[in-house]
Amino acid sequence: MTEYWSGSITFTGLGSGTDFETIIEATMNVESYRLNRMQAWGEQWKSKLELVQGVSSELALYKTQLEAMNTTNEFLTKTASSTNSTVVTATAGADAQEGTHSIEVLQKAQNDIWSTTTGWEKPGSVITDTDTVFTVEYGGKTLEINVPSGTTLEGFARLVNNDADMGKAVRANIIDDGDELHLQLRGMDQGADNTVTIVDHGANGIPGLSPDDFQHNQVAQNAKIKVDGYPKGEDDWIERDSNTFSDVIEGLTITLHGVSYGAAVDLNVTTDMDAVIANIENFLERTNAIRDAITALDKDMNLTDSEGNAVNTTGYQVRGNYGMNIIKQTLQDILASKGLGFAYYDPENNSGDPYASFVSIGITTDADENSQTFGHLVIDYEELEKALTQDPDAVARLFAAENDGVSYDTTVSYGSSVKSITKPGEYEVAYTVQDGKIVSATIGGEKANIDGWSITGVAGDGAGLSVTANMHVDGEYTGTVYLRQGKINQTLNALSSFTSSENGTLKIIEDSYQTIIDNNEKAMDSEKARLELKRQNLVERYAALESLLGQYDGISTSLESMINDLE
C-alpha cells in the first residue's frame, strides 16, 4: 500500500507508444495519499459515531425498562389470599404488611331499585294522553323531565335514560314477567344516601307511575364490615358506599362479594419471593447488558480499506472519551455505593436502614478476570433470600424508593418533600426554641421557613423538605432527616442526564463526532477538487507530450524514408 501513504514514484519507458493513462493513474495514486488518509480517518469517526449511537439507543431502552419497575408497588410483589373468596377478596400493594386480617361482612353496598305494580301490554302502549312531568328525588337533588302526550312505555324509558341529568342518576328498564310489561327504575350509585324517591303529582301525574304504583325491590344501603374485630360494638360497623374498601388497611384493597353471616373471613398477606427475585434478576440482566455495551467501546474494531486490506484500528474505538468514561463510571458508582439518602444500620440504637447497599443483600460485581461474568453484577442467592425473608420492604426500598423520608432522631420528624425540587440525600436540621417557639432554623445549612413547629427548606438541595420540630422546650437542637432514593431511580436520574436530546452527555458526544465528520467531508471535497485539477493538468501535459512524440515519430519516419531513398 505504498500509494496509500507515500508521495514518490519512478517512471520508466517514456517514449513512443508509452501508456500515458497508466502513468497518469500511477501519478494520481501518489497524489491521492492525502485523500486516502482523510477517508480512513473519516471511517474511524463514522465507526465511533455508530458505536456511540448504539450505546445511546441501548441506554434509552434501559431507561424505558427501568421506568417499568421504579416504584415499590411495581418492584415488590405481595399477594392477599382469602379463606372464602365468595365473600371477600383483596389485592395487596407493596406497603401492605405481611400478616393475617379477619373480615366480617354484615352487608354489601347496593343501589335503590323500584318497579311498577302496574303492567302494560306492549312497549308501544301509550302511558299518558296529556302533557305532564315526571319527577324523582335522588341523592339530595330533584330531577324532572317533560313527558308529552302520547308517550309510550318505551318512549318514556328513553326520555329518562337520555336526559342529561336524570339519565346519569336513574336508569329505566322494561321488564317482561311473561304476562305483562313493568317499568323498573334503578339508582346508578350504591350507598344509603343514593335513594330514589318518586314525587307524587296527584291528578296531573302519569297513570301507573305514581308513588303508590311502585314497589321497592332493593333498598339502597352501605357496605358494613368489621376488621380484626373492630369496631367492637355489636351495632357498630365500618361503612362505605361501595363494596371496595381501599382505606381501611394500609396497602390492601378489599372487595366484598357476599356476606359472612356472623363468621369472619381471613385475608393472608404474603410477599411473593419468586416474583421479587425475578424482578431483581431482570434488573441485573438489563444492567449487565448495558455494562457490556459500554465495555465494547474499548475493544478493537475489525476495519478494512476500500481494497479489503486490514486497517490498523489503534485509536478507532471510543476508548478514552471523557464523556463515555463519565457515563461508565457514574453507573458503576451508583450501584456500588450506599443508597442515596440511606443510613447504615446501627444495631445499638436500632436505627438506619437494614440494607443500605447491594453488598448487604448479596449483590456484588464479579472481579474474577477469568470468569465468564467478569464485570457483571452477580447474586449470592442465599444472602438475597435471607434479606427478603427478614425485611422484604427494606430490600424493595433499596431498589425502588423515591423521596422516601425518615428520621431516626427524637428531635425532628420527617413531614414531606417536593419530588421535582427536593433532592434525595441526608440533611441536618438545626433549630432554636426560645420563649416557647422556634426563632431560627436551617435545613442542610440553609435558612429555612418557620410555621409554628413546622420547618421547611427554601434553598439548596433541601428546598421543599418539610419537617416537624419535636422539642418544644427552650434550647438548641439538631437532628438528621434522610430522603431516600433507590438504586433504580438514582440510575434513572443519571440516564435522563446522559440521554437528554437537548444537552445530554451522549448528545454532546454525537454532535462533536458529527462535526468532525462534517469538517472532514468538506476537506475531502476540497482535496477531490485539487486532485481533479491535477488530473486535468496531467492529461493536458501528456497529451501535448504525446503530440510532440508523434511529430518526432513522423520526422523519424521521414528521415528513414529519405535515407532509404539515398541508398
# chains A, B, ... in the order shown; residues from 1 in each chain; ligands from 1

$ residues_around --residues "Gly42 (chain A)" --least-positions-apart "2" --cutoff "8 Å" --atoms "only C-alpha atoms" --output "number ranges by chain"
A: 38-40, 44-46, 517, 520-521

$ write_last_selection --atoms "N, CA and C atoms" --output "PDB file, in the first residue's frame"
ATOM      1  N   MET A  38      -7.587  10.910   4.628  1.00  0.00           N
ATOM      2  CA  MET A  38      -8.829  11.557   5.071  1.00  0.00           C
ATOM      3  C   MET A  38      -9.988  10.566   5.101  1.00  0.00           C
ATOM      4  N   GLN A  39     -10.065   9.727   4.056  1.00  0.00           N
ATOM      5  CA  GLN A  39     -11.143   8.748   4.001  1.00  0.00           C
ATOM      6  C   GLN A  39     -11.039   7.753   5.156  1.00  0.00           C
ATOM      7  N   ALA A  40      -9.820   7.271   5.403  1.00  0.00           N
ATOM      8  CA  ALA A  40      -9.621   6.328   6.503  1.00  0.00           C
ATOM      9  C   ALA A  40      -9.948   6.985   7.839  1.00  0.00           C
ATOM     10  N   GLN A  44     -12.964   6.124  10.594  1.00  0.00           N
ATOM     11  CA  GLN A  44     -12.753   5.959  12.034  1.00  0.00           C
ATOM     12  C   GLN A  44     -13.856   6.669  12.815  1.00  0.00           C
ATOM     13  N   TRP A  45     -14.081   7.927  12.468  1.00  0.00           N
ATOM     14  CA  TRP A  45     -15.044   8.727  13.219  1.00  0.00           C
ATOM     15  C   TRP A  45     -16.480   8.283  12.958  1.00  0.00           C
ATOM     16  N   LYS A  46     -16.770   7.821  11.761  1.00  0.00           N
ATOM     17  CA  LYS A  46     -18.108   7.285  11.495  1.00  0.00           C
ATOM     18  C   LYS A  46     -18.354   6.029  12.329  1.00  0.00           C
ATOM     19  N   ILE A 517     -16.771  14.705  11.505  1.00  0.00           N
ATOM     20  CA  ILE A 517     -17.066  14.027  10.236  1.00  0.00           C
ATOM     21  C   ILE A 517     -17.415  15.037   9.152  1.00  0.00           C
ATOM     22  N   ASN A 520     -14.377  16.932   8.035  1.00  0.00           N
ATOM     23  CA  ASN A 520     -13.525  16.057   7.223  1.00  0.00           C
ATOM     24  C   ASN A 520     -14.097  15.898   5.820  1.00  0.00           C
ATOM     25  N   GLU A 521     -15.427  15.814   5.716  1.00  0.00           N
ATOM     26  CA  GLU A 521     -16.069  15.708   4.403  1.00  0.00           C
ATOM     27  C   GLU A 521     -15.784  16.954   3.568  1.00  0.00           C
TER      28      GLU A 521
END

$ select_by_dssp --residues "region 32-233 of chain A" --states "strand (DSSP E or B)" --output "MDAnalysis selection string"
chainID A and resid 78:82 88:92 99:107 110 113:116 120 126 132:138 141:147 152 170:176 181:187 196:198 214:218 221 223:227 230

$ residues_around --residues "region 523-534 of chain A" --least-positions-apart "4" --cutoff "10 Å" --atoms "only C-alpha atoms" --output "PyMOL selection string"
chain A and resi 24+27-29+31-32+34-39+42+517-519+538-540

$ write_last_selection --atoms "C-alpha atoms" --output "PDB file, in the first residue's frame"
ATOM      1  CA  ILE A  24      -1.441   9.297 -15.057  1.00  0.00           C
ATOM      2  CA  THR A  27       0.729   9.614 -10.536  1.00  0.00           C
ATOM      3  CA  MET A  28      -2.792  10.167  -9.200  1.00  0.00           C
ATOM      4  CA  ASN A  29      -2.395   7.245  -6.809  1.00  0.00           C
ATOM      5  CA  GLU A  31      -1.228  12.343  -5.236  1.00  0.00           C
ATOM      6  CA  SER A  32      -4.244  10.684  -3.538  1.00  0.00           C
ATOM      7  CA  ARG A  34      -3.820  12.656   1.487  1.00  0.00           C
ATOM      8  CA  LEU A  35      -7.369  11.829   0.340  1.00  0.00           C
ATOM      9  CA  ASN A  36      -6.877   8.206   1.328  1.00  0.00           C
ATOM     10  CA  ARG A  37      -5.784   9.262   4.791  1.00  0.00           C
ATOM     11  CA  MET A  38      -8.829  11.557   5.071  1.00  0.00           C
ATOM     12  CA  GLN A  39     -11.143   8.748   4.001  1.00  0.00           C
ATOM     13  CA  GLY A  42     -13.438   9.693   8.340  1.00  0.00           C
ATOM     14  CA  ILE A 517     -17.066  14.027  10.236  1.00  0.00           C
ATOM     15  CA  ASP A 518     -18.657  17.029   8.502  1.00  0.00           C
ATOM     16  CA  ASN A 519     -15.431  19.042   8.582  1.00  0.00           C
ATOM     17  CA  LEU A 538      -1.575  15.745 -16.330  1.00  0.00           C
ATOM     18  CA  VAL A 539      -3.916  14.825 -19.159  1.00  0.00           C
ATOM     19  CA  GLU A 540      -3.148  18.078 -20.934  1.00  0.00           C
TER      20      GLU A 540
END

$ closest_residue --among "A:Gly457, A:Gly375, A:Asp131, A:Thr271" --to "Ala289 (chain A)" --atoms "only C-alpha atoms"
A:Gly375

$ residues_around --residues "Val259 (chain A)" --least-positions-apart "4" --cutoff "12 Å" --atoms "only C-alpha atoms" --output "PDB file with N, CA and C atoms, in the first residue's frame"
ATOM      1  N   ASN A  84     -62.282 -17.364  52.061  1.00  0.00           N
ATOM      2  CA  ASN A  84     -63.596 -17.511  51.426  1.00  0.00           C
ATOM      3  C   ASN A  84     -63.747 -16.418  50.373  1.00  0.00           C
ATOM      4  N   SER A  85     -63.322 -16.732  49.164  1.00  0.00           N
ATOM      5  CA  SER A  85     -63.316 -15.729  48.101  1.00  0.00           C
ATOM      6  C   SER A  85     -64.712 -15.402  47.589  1.00  0.00           C
ATOM      7  N   THR A  86     -65.723 -16.178  47.978  1.00  0.00           N
ATOM      8  CA  THR A  86     -67.089 -15.830  47.581  1.00  0.00           C
ATOM      9  C   THR A  86     -67.642 -14.695  48.437  1.00  0.00           C
ATOM     10  N   VAL A  87     -66.977 -14.424  49.550  1.00  0.00           N
ATOM     11  CA  VAL A  87     -67.409 -13.348  50.444  1.00  0.00           C
ATOM     12  C   VAL A  87     -66.520 -12.120  50.298  1.00  0.00           C
ATOM     13  N   VAL A  88     -65.212 -12.301  50.337  1.00  0.00           N
ATOM     14  CA  VAL A  88     -64.300 -11.159  50.289  1.00  0.00           C
ATOM     15  C   VAL A  88     -62.970 -11.574  49.665  1.00  0.00           C
ATOM     16  N   ILE A 103     -62.009 -10.414  58.400  1.00  0.00           N
ATOM     17  CA  ILE A 103     -63.038  -9.512  57.886  1.00  0.00           C
ATOM     18  C   ILE A 103     -64.402 -10.152  58.099  1.00  0.00           C
ATOM     19  N   GLU A 104     -65.291  -9.434  58.780  1.00  0.00           N
ATOM     20  CA  GLU A 104     -66.678  -9.871  58.930  1.00  0.00           C
ATOM     21  C   GLU A 104     -67.555  -8.943  58.101  1.00  0.00           C
ATOM     22  N   VAL A 105     -68.395  -9.504  57.245  1.00  0.00           N
ATOM     23  CA  VAL A 105     -69.232  -8.710  56.348  1.00  0.00           C
ATOM     24  C   VAL A 105     -70.688  -8.848  56.771  1.00  0.00           C
ATOM     25  N   LEU A 106     -71.279  -7.744  57.223  1.00  0.00           N
ATOM     26  CA  LEU A 106     -72.699  -7.753  57.587  1.00  0.00           C
ATOM     27  C   LEU A 106     -73.568  -7.613  56.346  1.00  0.00           C
ATOM     28  N   GLN A 107     -73.200  -6.669  55.468  1.00  0.00           N
ATOM     29  CA  GLN A 107     -73.985  -6.455  54.259  1.00  0.00           C
ATOM     30  C   GLN A 107     -73.134  -5.782  53.195  1.00  0.00           C
ATOM     31  N   LYS A 108     -73.528  -6.009  51.959  1.00  0.00           N
ATOM     32  CA  LYS A 108     -72.872  -5.354  50.830  1.00  0.00           C
ATOM     33  C   LYS A 108     -73.562  -4.030  50.531  1.00  0.00           C
ATOM     34  N   ALA A 109     -72.837  -3.139  49.895  1.00  0.00           N
ATOM     35  CA  ALA A 109     -73.443  -1.908  49.403  1.00  0.00           C
ATOM     36  C   ALA A 109     -74.302  -2.247  48.188  1.00  0.00           C
ATOM     37  N   ALA A 223     -72.161  -0.675  52.487  1.00  0.00           N
ATOM     38  CA  ALA A 223     -71.478  -1.900  52.895  1.00  0.00           C
ATOM     39  C   ALA A 223     -71.034  -1.732  54.345  1.00  0.00           C
ATOM     40  N   LYS A 224     -71.109  -2.813  55.117  1.00  0.00           N
ATOM     41  CA  LYS A 224     -70.724  -2.754  56.527  1.00  0.00           C
ATOM     42  C   LYS A 224     -69.821  -3.935  56.855  1.00  0.00           C
ATOM     43  N   ILE A 225     -68.657  -3.621  57.436  1.00  0.00           N
ATOM     44  CA  ILE A 225     -67.706  -4.676  57.797  1.00  0.00           C
ATOM     45  C   ILE A 225     -67.067  -4.383  59.150  1.00  0.00           C
ATOM     46  N   LYS A 226     -66.494  -5.420  59.727  1.00  0.00           N
ATOM     47  CA  LYS A 226     -65.595  -5.288  60.869  1.00  0.00           C
ATOM     48  C   LYS A 226     -64.235  -5.820  60.435  1.00  0.00           C
ATOM     49  N   ASN A 243     -68.599  -1.405  47.502  1.00  0.00           N
ATOM     50  CA  ASN A 243     -68.122  -2.695  48.001  1.00  0.00           C
ATOM     51  C   ASN A 243     -66.609  -2.824  47.929  1.00  0.00           C
ATOM     52  N   THR A 255     -62.403  -6.122  48.505  1.00  0.00           N
ATOM     53  CA  THR A 255     -63.612  -6.150  47.683  1.00  0.00           C
ATOM     54  C   THR A 255     -64.591  -7.171  48.252  1.00  0.00           C
ATOM     55  N   ALA A 263     -69.697 -15.021  60.650  1.00  0.00           N
ATOM     56  CA  ALA A 263     -68.355 -15.613  60.663  1.00  0.00           C
ATOM     57  C   ALA A 263     -67.359 -14.604  60.097  1.00  0.00           C
ATOM     58  N   ALA A 264     -66.091 -14.860  60.306  1.00  0.00           N
ATOM     59  CA  ALA A 264     -65.042 -13.976  59.790  1.00  0.00           C
ATOM     60  C   ALA A 264     -64.275 -14.690  58.682  1.00  0.00           C
ATOM     61  N   VAL A 265     -63.865 -13.916  57.698  1.00  0.00           N
ATOM     62  CA  VAL A 265     -63.039 -14.426  56.601  1.00  0.00           C
ATOM     63  C   VAL A 265     -61.628 -13.886  56.794  1.00  0.00           C
TER      64      VAL A 265
END

$ closest_atom_pairs --of "region 63-144 of chain A" --to "region 153-157 of chain A" --cutoff "7 Å" --atoms "only C-alpha atoms" --output "JSON lines"
{"residue": "A:Pro123", "atom": "CA", "partner": "A:Glu154", "partner_atom": "CA", "distance": 5.1}
{"residue": "A:Gly124", "atom": "CA", "partner": "A:Leu153", "partner_atom": "CA", "distance": 6.0}
{"residue": "A:Ser125", "atom": "CA", "partner": "A:Leu153", "partner_atom": "CA", "distance": 5.8}
{"residue": "A:Val126", "atom": "CA", "partner": "A:Leu153", "partner_atom": "CA", "distance": 6.3}
{"residue": "A:Ile127", "atom": "CA", "partner": "A:Leu153", "partner_atom": "CA", "distance": 6.1}

$ write_last_selection --atoms "N, CA and C atoms" --output "PDB file, in the first residue's frame"
ATOM      1  N   PRO A 123     -94.479  -2.639  24.537  1.00  0.00           N
ATOM      2  CA  PRO A 123     -93.622  -1.449  24.670  1.00  0.00           C
ATOM      3  C   PRO A 123     -94.246  -0.204  24.070  1.00  0.00           C
ATOM      4  N   GLY A 124     -95.090  -0.405  23.061  1.00  0.00           N
ATOM      5  CA  GLY A 124     -95.694   0.750  22.396  1.00  0.00           C
ATOM      6  C   GLY A 124     -96.967   1.227  23.041  1.00  0.00           C
ATOM      7  N   SER A 125     -97.326   0.673  24.174  1.00  0.00           N
ATOM      8  CA  SER A 125     -98.541   1.113  24.873  1.00  0.00           C
ATOM      9  C   SER A 125     -98.392   2.561  25.323  1.00  0.00           C
ATOM     10  N   VAL A 126     -99.404   3.386  25.040  1.00  0.00           N
ATOM     11  CA  VAL A 126     -99.379   4.795  25.444  1.00  0.00           C
ATOM     12  C   VAL A 126     -99.660   4.886  26.939  1.00  0.00           C
ATOM     13  N   ILE A 127     -98.816   5.643  27.652  1.00  0.00           N
ATOM     14  CA  ILE A 127     -98.979   5.720  29.112  1.00  0.00           C
ATOM     15  C   ILE A 127     -99.593   7.042  29.565  1.00  0.00           C
TER      16      ILE A 127
END

$ closest_residue --among "A:Ile563, A:Ala92, A:Val276, A:Leu492" --to "Ile249 (chain A)" --atoms "only C-alpha atoms"
A:Ala92

$ select_by_dssp --residues "region 52-152 of chain A" --states "helix (DSSP H, G or I)" --output "PyMOL selection string"
chain A and resi 52-67+72-75

$ write_last_selection --atoms "C-alpha atoms" --output "mmCIF file, in the first residue's frame"
data_model
loop_
_atom_site.group_PDB
_atom_site.id
_atom_site.type_symbol
_atom_site.label_atom_id
_atom_site.label_comp_id
_atom_site.auth_asym_id
_atom_site.auth_seq_id
_atom_site.Cartn_x
_atom_site.Cartn_y
_atom_site.Cartn_z
ATOM 1 C CA VAL A 52 -21.915 5.939 20.467
ATOM 2 C CA GLN A 53 -25.344 5.995 18.793
ATOM 3 C CA GLY A 54 -25.685 2.295 19.550
ATOM 4 C CA VAL A 55 -24.932 2.894 23.220
ATOM 5 C CA SER A 56 -27.334 5.846 23.200
ATOM 6 C CA SER A 57 -30.128 3.597 21.907
ATOM 7 C CA GLU A 58 -29.255 0.933 24.480
ATOM 8 C CA LEU A 59 -29.337 3.470 27.318
ATOM 9 C CA ALA A 60 -32.680 4.876 26.115
ATOM 10 C CA LEU A 61 -34.113 1.344 26.097
ATOM 11 C CA TYR A 62 -32.563 0.681 29.515
ATOM 12 C CA LYS A 63 -34.247 3.821 30.825
ATOM 13 C CA THR A 64 -37.636 2.706 29.493
ATOM 14 C CA GLN A 65 -37.200 -0.720 31.056
ATOM 15 C CA LEU A 66 -36.278 0.719 34.453
ATOM 16 C CA GLU A 67 -39.278 3.055 34.403
ATOM 17 C CA THR A 72 -42.048 -0.219 45.311
ATOM 18 C CA ASN A 73 -45.518 -1.276 44.127
ATOM 19 C CA GLU A 74 -44.047 -2.408 40.804
ATOM 20 C CA PHE A 75 -40.961 -3.947 42.335
#

$ residues_around --residues "Trp120 (chain A)" --least-positions-apart "2" --cutoff "6 Å" --atoms "only C-alpha atoms" --output "ChimeraX atom specification"
/A:122,180-181

$ closest_residue --among "A:Val473, A:Leu398, A:Met562, A:Val378" --to "Gln485 (chain A)" --atoms "only C-alpha atoms"
A:Leu398

$ atom_distance --atom1 "CA of Arg240 (chain A)" --atom2 "CA of Gln221 (chain A)"
9.2 Å

$ residues_around --residues "Met188 (chain A)" --least-positions-apart "3" --cutoff "8 Å" --atoms "only C-alpha atoms" --output "list in words"
Asn111, Lys168, Ala169, Val170 and Arg171 of chain A

$ residues_around --residues "Thr244 (chain A)" --least-positions-apart "6" --cutoff "8 Å" --atoms "only C-alpha atoms" --output "list in words"
Thr253, Ile254, Thr255 and Leu256 of chain A

$ write_last_selection --atoms "C-alpha atoms" --output "mmCIF file, in the first residue's frame"
data_model
loop_
_atom_site.group_PDB
_atom_site.id
_atom_site.type_symbol
_atom_site.label_atom_id
_atom_site.label_comp_id
_atom_site.auth_asym_id
_atom_site.auth_seq_id
_atom_site.Cartn_x
_atom_site.Cartn_y
_atom_site.Cartn_z
ATOM 1 C CA THR A 253 -57.844 -3.017 48.654
ATOM 2 C CA ILE A 254 -60.722 -5.132 49.950
ATOM 3 C CA THR A 255 -63.612 -6.150 47.683
ATOM 4 C CA LEU A 256 -66.877 -7.596 49.002
#

$ atom_distance --atom1 "CA of Tyr482 (chain A)" --atom2 "CA of Ala401 (chain A)"
11.9 Å

$ closest_residue --among "A:Ala164, A:Val439, A:Ile509, A:Leu483" --to "Leu340 (chain A)" --atoms "only C-alpha atoms"
A:Leu483

$ atom_distance --atom1 "CA of Ser497 (chain A)" --atom2 "CA of Gly323 (chain A)"
11.7 Å

$ closest_residue --among "A:Asp112, A:Asp241, A:Asp474, A:Asp391" --to "Val196 (chain A)" --atoms "only C-alpha atoms"
A:Asp112
